[in-house]
Amino acid sequence: MHFETKAIHSGAGVDESTGALAAPIHLSTTFERNEEGEPSRGFSYIRDGNPNVVRLEEALAAIDGGDAAIAFGSGMAAGAALMQTLPRGAHVLIPDDCYYGFRHIAEEYFERWGLAFTIVAMEDPGAVRQAMNAETKVIWSESPSNPLLKIVDLAALAEIAHGGGALLVTDGTFASPALQRPIEHGADIVLHSTTKYLGGHTDVQGGVLVFRKRDALFDDTLHARKIIGGVLSPFNAWLVLRGIRTLSARMRVHSENAMAVARFLAAHPRVEEVFYPGLESHARHDIARRQMSAFGGMLSFLVRGTRADALAVAAKVRLFTRATSLGGVESLIEHRASSEGPGSTTPENLLRASVGLEHADDLIDDLARALA
Ligand SMILES: Cc1ncc(COP(=O)(O)O)c(C=O)c1O
């Protein structure tokens with residue numbers, strides 16, 4: 001079945017008791033047990049499992065090409081739960097450009113959890129190979145990366161990880177499963193912040209881990225969710241599943257619009273550099289072409305000058321909204337270093353844009369005015 005069809009029909013099905021096409025939302029926190037004391041219909045307590053979350057997990061596993069998925073209350077909860085399953089003494093490779101929250105997890109919590117990490121230029125397979133050691137259990141990758149839109153060669157990283165007895169984990173939030181399915185390139189686990197494109201409407205928070213195999217690590221991570229408790233609410237599961245239904249159509253327009261905006265910015269004299277994997281000038285455009293079916297709605301650019309010059313451009317937009325986050329229907333722009341705060345390694349003259357589903361000409365007019 002094609003992606004578009006899976007995205008419509010996975011985790012779906014007419015409700016047995018009413019015939020409703022849209023799934024009912026089950027808010028019950030507890031479920032009846034039978035006379036033998038066992039769960040009567042497979043559910044027991046909301047933190048252990050919920051029908052809406054199960055539907056969503058089925059859909060996410062299907063569209064990302066995995067065996068199984070575990071949904072969480074946020075992307076960060078998903079990543080943290082996975083790291084908490086690692087044995088003490090494990091070593092993790094972290095990319096030099098990735099969602100700053102994960103760098104914070106490594107810097108602030110790994111030591112308390114008995115984990116070690118090394119920050120690596122993940123787009124350089126030679127550097128990754130060199131950074132591996134006998135304790136390396138996970139190569140953490142993100143492609144395209146946040147905020148510099150770096151592209152890593154997933155197949156090359158999978159080979160290095162597996163050669164060293166480690167797992168390749170890929171944060172695919174920027175691409176979404178509509179444009180890139182890391183498991184098809186060798187990744188073992190894919191993370192998405194479903195707060196972004198999967199939800200798609202700036203109104204729901206969630207995260208997911210999609211597993212290539214339903215194996216012991218899957219069981220361990222599911223257990224971590226139950227015990228540590230980073231669960232997704234039934235209503236949020238329902239919203240993310242609804243978002244999945246329109247994902248492929250939205251991603252097509254996000255990608256077309258972002259390409260038009262990237263080309264406009266690349267030709268603008270006040271723009272020093274544009275980071276968008278769809279541009280032929282992108283350092284790893286060829287790898288992006290191989291791994292992605294289109295290049296998504298996220299881009300960053302350097303405004304010629306200083307932090308103040310970049311902030312001045314962001315201050316003048318009218319159609320874009322100055323806000324963090326991404327993946328919704330409306331276009332956003334942010335001065336990324338300000339959002340990341342102390343410890344940010346993002347260039348001070350960088351603006352990051354989440355290009356939405358408005359008409360591309362209107363978005364370009366808005367940026368032209370802001371840059372004038
Ligand atoms: C690439 C990426 N991964 C993970 C996250 C974390 O997701 P959440 O905010 O749902 O915890 C974000 C959030 O912006 C992100 O951009």
# chains A, B, ... in the order shown; residues from 1 in each chain; ligands from 1
>>> residues_near_ligand(ligand="ligand 1", cutoff="7 Å", atoms="only C-alpha atoms and all ligand atoms", output="MDAnalysis selection string")
chainID A and resid 74:77 98:99 101 142 145:146 171:174 192:195 205:207 325
>>> write_last_selection(atoms="N, CA and C atoms", output="mmCIF file, in the first residue's frame")
data_model
loop_
_atom_site.group_PDB
_atom_site.id
_atom_site.type_symbol
_atom_site.label_atom_id
_atom_site.label_comp_id
_atom_site.auth_asym_id
_atom_site.auth_seq_id
_atom_site.Cartn_x
_atom_site.Cartn_y
_atom_site.Cartn_z
ATOM 1 N N SER A 74 5.220 13.954 24.967
ATOM 2 C CA SER A 74 5.968 14.960 24.213
ATOM 3 C C SER A 74 7.140 14.260 23.520
ATOM 4 N N GLY A 75 7.756 14.952 22.591
ATOM 5 C CA GLY A 75 8.948 14.412 21.946
ATOM 6 C C GLY A 75 10.068 14.211 22.957
ATOM 7 N N MET A 76 10.188 15.160 23.896
ATOM 8 C CA MET A 76 11.234 15.051 24.918
ATOM 9 C C MET A 76 11.007 13.841 25.825
ATOM 10 N N ALA A 77 9.743 13.593 26.184
ATOM 11 C CA ALA A 77 9.438 12.422 27.026
ATOM 12 C C ALA A 77 9.831 11.145 26.291
ATOM 13 N N CYS A 98 21.526 19.613 16.801
ATOM 14 C CA CYS A 98 20.282 18.862 17.031
ATOM 15 C C CYS A 98 19.383 19.706 17.911
ATOM 16 N N TYR A 99 18.152 19.255 18.077
ATOM 17 C CA TYR A 99 17.210 19.977 18.927
ATOM 18 C C TYR A 99 17.877 20.225 20.284
ATOM 19 N N GLY A 101 17.011 20.722 23.168
ATOM 20 C CA GLY A 101 16.508 19.992 24.333
ATOM 21 C C GLY A 101 17.261 18.690 24.555
ATOM 22 N N GLU A 142 19.837 13.229 13.788
ATOM 23 C CA GLU A 142 18.662 14.062 13.505
ATOM 24 C C GLU A 142 18.819 14.548 12.072
ATOM 25 N N SER A 145 18.504 18.473 10.518
ATOM 26 C CA SER A 145 18.727 18.837 11.919
ATOM 27 C C SER A 145 18.176 20.228 12.218
ATOM 28 N N ASN A 146 17.963 20.437 13.501
ATOM 29 C CA ASN A 146 17.391 21.675 14.009
ATOM 30 C C ASN A 146 18.467 22.435 14.761
ATOM 31 N N ASP A 171 15.986 11.203 14.874
ATOM 32 C CA ASP A 171 14.895 12.143 15.073
ATOM 33 C C ASP A 171 14.503 12.658 13.687
ATOM 34 N N GLY A 172 13.331 12.255 13.232
ATOM 35 C CA GLY A 172 12.880 12.632 11.884
ATOM 36 C C GLY A 172 11.782 13.675 11.907
ATOM 37 N N THR A 173 11.716 14.446 12.996
ATOM 38 C CA THR A 173 10.616 15.409 13.181
ATOM 39 C C THR A 173 10.472 16.379 12.008
ATOM 40 N N PHE A 174 11.609 16.924 11.508
ATOM 41 C CA PHE A 174 11.535 17.955 10.459
ATOM 42 C C PHE A 174 10.967 17.399 9.157
ATOM 43 N N HIS A 192 9.761 11.071 16.689
ATOM 44 C CA HIS A 192 9.118 12.279 16.162
ATOM 45 C C HIS A 192 8.528 13.049 17.322
ATOM 46 N N SER A 193 8.682 14.363 17.276
ATOM 47 C CA SER A 193 7.823 15.199 18.088
ATOM 48 C C SER A 193 6.536 15.302 17.281
ATOM 49 N N THR A 194 5.473 14.647 17.761
ATOM 50 C CA THR A 194 4.202 14.692 17.012
ATOM 51 C C THR A 194 3.500 16.035 17.207
ATOM 52 N N THR A 195 4.098 16.859 18.068
ATOM 53 C CA THR A 195 3.652 18.242 18.249
ATOM 54 C C THR A 195 3.748 19.013 16.930
ATOM 55 N N GLN A 205 0.397 18.519 21.825
ATOM 56 C CA GLN A 205 1.765 18.083 22.107
ATOM 57 C C GLN A 205 1.817 16.568 22.212
ATOM 58 N N GLY A 206 2.886 15.993 21.648
ATOM 59 C CA GLY A 206 3.073 14.549 21.754
ATOM 60 C C GLY A 206 4.408 14.138 21.174
ATOM 61 N N GLY A 207 4.764 12.893 21.390
ATOM 62 C CA GLY A 207 5.999 12.347 20.829
ATOM 63 C C GLY A 207 5.815 10.867 20.573
ATOM 64 N N SER A 325 8.606 26.684 17.639
ATOM 65 C CA SER A 325 7.882 25.491 17.177
ATOM 66 C C SER A 325 7.712 25.530 15.662
#
>>> closest_atom_pairs(of="region 268-309 of chain A", to="region 341-350 of chain A", cutoff="7 Å", atoms="only C-alpha atoms", output="JSON lines")
{"residue": "A:Ser300", "atom": "CA", "partner": "A:Leu350", "partner_atom": "CA", "distance": 6.7}
{"residue": "A:Phe301", "atom": "CA", "partner": "A:Leu350", "partner_atom": "CA", "distance": 5.5}
{"residue": "A:Leu302", "atom": "CA", "partner": "A:Leu350", "partner_atom": "CA", "distance": 4.5}
{"residue": "A:Val303", "atom": "CA", "partner": "A:Asn349", "partner_atom": "CA", "distance": 5.5}
{"residue": "A:Gly305", "atom": "CA", "partner": "A:Asn349", "partner_atom": "CA", "distance": 6.7}
{"residue": "A:Thr306", "atom": "CA", "partner": "A:Asn349", "partner_atom": "CA", "distance": 5.3}
{"residue": "A:Arg307", "atom": "CA", "partner": "A:Asn349", "partner_atom": "CA", "distance": 4.6}
>>> select_by_dssp(residues="region 77-269 of chain A", states="strand (DSSP E)", output="ChimeraX atom specification")
/A:91-95,116-120,136-142,167-171,189-193,207-211
>>> write_last_selection(atoms="N, CA, C and O atoms", output="CSV table (one decimal), in the first residue's frame")
chain,number,residue,atom,x,y,z
A,91,HIS,N,27.5,4.6,26.4
A,91,HIS,CA,28.0,5.8,25.8
A,91,HIS,C,27.1,6.1,24.6
A,91,HIS,O,26.7,5.2,23.8
A,92,VAL,N,26.8,7.4,24.4
A,92,VAL,CA,25.9,7.8,23.3
A,92,VAL,C,26.6,8.9,22.5
A,92,VAL,O,27.2,9.8,23.0
A,93,LEU,N,26.5,8.8,21.1
A,93,LEU,CA,27.0,9.8,20.3
A,93,LEU,C,25.8,10.8,20.0
A,93,LEU,O,24.7,10.3,19.6
A,94,ILE,N,26.1,12.1,20.2
A,94,ILE,CA,25.1,13.1,20.0
A,94,ILE,C,25.5,14.0,18.8
A,94,ILE,O,26.7,14.4,18.8
A,95,PRO,N,24.6,14.5,18.0
A,95,PRO,CA,25.1,15.3,16.9
A,95,PRO,C,25.4,16.8,17.3
A,95,PRO,O,24.8,17.2,18.3
A,116,ALA,N,27.4,8.3,29.4
A,116,ALA,CA,28.4,9.2,28.9
A,116,ALA,C,28.0,9.6,27.5
A,116,ALA,O,27.3,8.8,26.8
A,117,PHE,N,28.5,10.7,27.0
A,117,PHE,CA,28.2,11.1,25.6
A,117,PHE,C,29.4,11.8,25.0
A,117,PHE,O,30.2,12.4,25.6
A,118,THR,N,29.4,11.8,23.6
A,118,THR,CA,30.4,12.6,22.9
A,118,THR,C,29.6,13.3,21.8
A,118,THR,O,28.7,12.7,21.1
A,119,ILE,N,29.9,14.6,21.6
A,119,ILE,CA,29.2,15.4,20.5
A,119,ILE,C,30.1,15.2,19.3
A,119,ILE,O,31.3,15.4,19.3
A,120,VAL,N,29.4,14.9,18.2
A,120,VAL,CA,30.1,14.6,16.9
A,120,VAL,C,29.5,15.3,15.8
A,120,VAL,O,28.3,15.6,15.7
A,136,THR,N,29.7,2.3,23.3
A,136,THR,CA,28.7,3.0,22.5
A,136,THR,C,27.5,2.2,22.2
A,136,THR,O,27.6,1.2,21.6
A,137,LYS,N,26.4,2.6,22.7
A,137,LYS,CA,25.1,1.8,22.6
A,137,LYS,C,24.2,2.5,21.6
A,137,LYS,O,23.3,1.8,21.0
A,138,VAL,N,24.3,3.8,21.4
A,138,VAL,CA,23.4,4.6,20.6
A,138,VAL,C,24.1,5.6,19.8
A,138,VAL,O,24.9,6.4,20.3
A,139,ILE,N,23.8,5.7,18.5
A,139,ILE,CA,24.2,6.9,17.7
A,139,ILE,C,22.8,7.6,17.5
A,139,ILE,O,21.9,7.1,17.0
A,140,TRP,N,22.8,8.8,18.1
A,140,TRP,CA,21.6,9.7,18.0
A,140,TRP,C,21.8,10.6,16.8
A,140,TRP,O,22.7,11.4,16.8
A,141,SER,N,20.9,10.5,15.9
A,141,SER,CA,21.0,11.4,14.7
A,141,SER,C,19.7,12.2,14.5
A,141,SER,O,18.7,11.8,15.1
A,142,GLU,N,19.8,13.2,13.8
A,142,GLU,CA,18.7,14.1,13.5
A,142,GLU,C,18.8,14.5,12.1
A,142,GLU,O,19.9,15.1,11.7
A,167,LEU,N,22.9,1.0,18.3
A,167,LEU,CA,21.6,1.2,17.6
A,167,LEU,C,21.7,2.6,16.9
A,167,LEU,O,22.3,3.5,17.5
A,168,LEU,N,21.1,2.7,15.8
A,168,LEU,CA,20.9,4.1,15.2
A,168,LEU,C,19.5,4.6,15.5
A,168,LEU,O,18.5,3.9,15.1
A,169,VAL,N,19.5,5.7,16.2
A,169,VAL,CA,18.2,6.4,16.5
A,169,VAL,C,18.2,7.6,15.7
A,169,VAL,O,19.2,8.4,15.7
A,170,THR,N,17.0,7.9,15.0
A,170,THR,CA,17.0,9.1,14.2
A,170,THR,C,15.7,9.9,14.6
A,170,THR,O,14.6,9.4,14.6
A,171,ASP,N,16.0,11.2,14.9
A,171,ASP,CA,14.9,12.1,15.1
A,171,ASP,C,14.5,12.7,13.7
A,171,ASP,O,15.3,13.4,13.0
A,189,ILE,N,15.4,2.9,15.5
A,189,ILE,CA,14.3,3.6,16.2
A,189,ILE,C,14.2,5.0,15.6
A,189,ILE,O,15.2,5.7,15.4
A,190,VAL,N,13.0,5.4,15.4
A,190,VAL,CA,12.7,6.8,14.9
A,190,VAL,C,11.9,7.5,15.9
A,190,VAL,O,11.0,7.0,16.5
A,191,LEU,N,12.4,8.8,16.2
A,191,LEU,CA,11.7,9.6,17.1
A,191,LEU,C,11.0,10.7,16.3
A,191,LEU,O,11.6,11.3,15.4
A,192,HIS,N,9.8,11.1,16.7
A,192,HIS,CA,9.1,12.3,16.2
A,192,HIS,C,8.5,13.0,17.3
A,192,HIS,O,7.9,12.5,18.2
A,193,SER,N,8.7,14.4,17.3
A,193,SER,CA,7.8,15.2,18.1
A,193,SER,C,6.5,15.3,17.3
A,193,SER,O,6.5,16.0,16.2
A,207,GLY,N,4.8,12.9,21.4
A,207,GLY,CA,6.0,12.3,20.8
A,207,GLY,C,5.8,10.9,20.6
A,207,GLY,O,4.9,10.3,21.1
A,208,VAL,N,6.7,10.3,19.8
A,208,VAL,CA,6.6,8.9,19.5
A,208,VAL,C,8.0,8.3,19.2
A,208,VAL,O,8.9,9.0,18.7
A,209,LEU,N,8.1,7.0,19.6
A,209,LEU,CA,9.3,6.2,19.2
A,209,LEU,C,8.7,5.1,18.3
A,209,LEU,O,7.8,4.4,18.7
A,210,VAL,N,9.2,5.0,17.1
A,210,VAL,CA,8.8,3.9,16.2
A,210,VAL,C,10.0,2.9,16.2
A,210,VAL,O,11.1,3.3,15.9
A,211,PHE,N,9.7,1.6,16.4
A,211,PHE,CA,10.7,0.6,16.5
A,211,PHE,C,10.7,-0.3,15.3
A,211,PHE,O,9.6,-0.7,14.9
>>> residues_around(residues="Met259 (chain A)", least_positions_apart="2", cutoff="9 Å", atoms="only C-alpha atoms", output="PyMOL selection string")
chain A and resi 254-257+261-264+276+278-279+295-297
>>> select_by_dssp(residues="region 110-352 of chain A", states="helix (DSSP H, G or I)", output="number ranges by chain")
A: 125-131, 154-163, 176-179, 182-185, 216-228, 234-245, 247-266, 285-291, 307-316, 336-340
>>> closest_residue(among="A:Ala155, A:Arg129, A:Glu107, A:Ala178", to="His2 (chain A)", atoms="only C-alpha atoms")
A:Ala178
>>> atom_distance(atom1="CA of Ser248 (chain A)", atom2="CA of Glu334 (chain A)")
25.3 Å
>>> residues_around(residues="region 214-229 of chain A", least_positions_apart="3", cutoff="9 Å", atoms="only C-alpha atoms", output="ChimeraX atom specification")
/A:47-49,66-73,77-78,81-82,84-85,211
>>> atom_distance(atom1="CA of His26 (chain A)", atom2="CA of Asp64 (chain A)")
25.1 Å
>>> closest_residue(among="A:Thr5, A:Ser40, A:Ser28, A:Ser143", to="Met292 (chain A)", atoms="only C-alpha atoms")
A:Ser143
>>> residues_around(residues="Thr324 (chain A)", least_positions_apart="3", cutoff="10 Å", atoms="only C-alpha atoms", output="list in words")
Thr321, Leu332, Ile333, Glu334, His335, Arg336, Ser338, Ser339, Glu340, Arg352, Ala353 and Ser354 of chain A
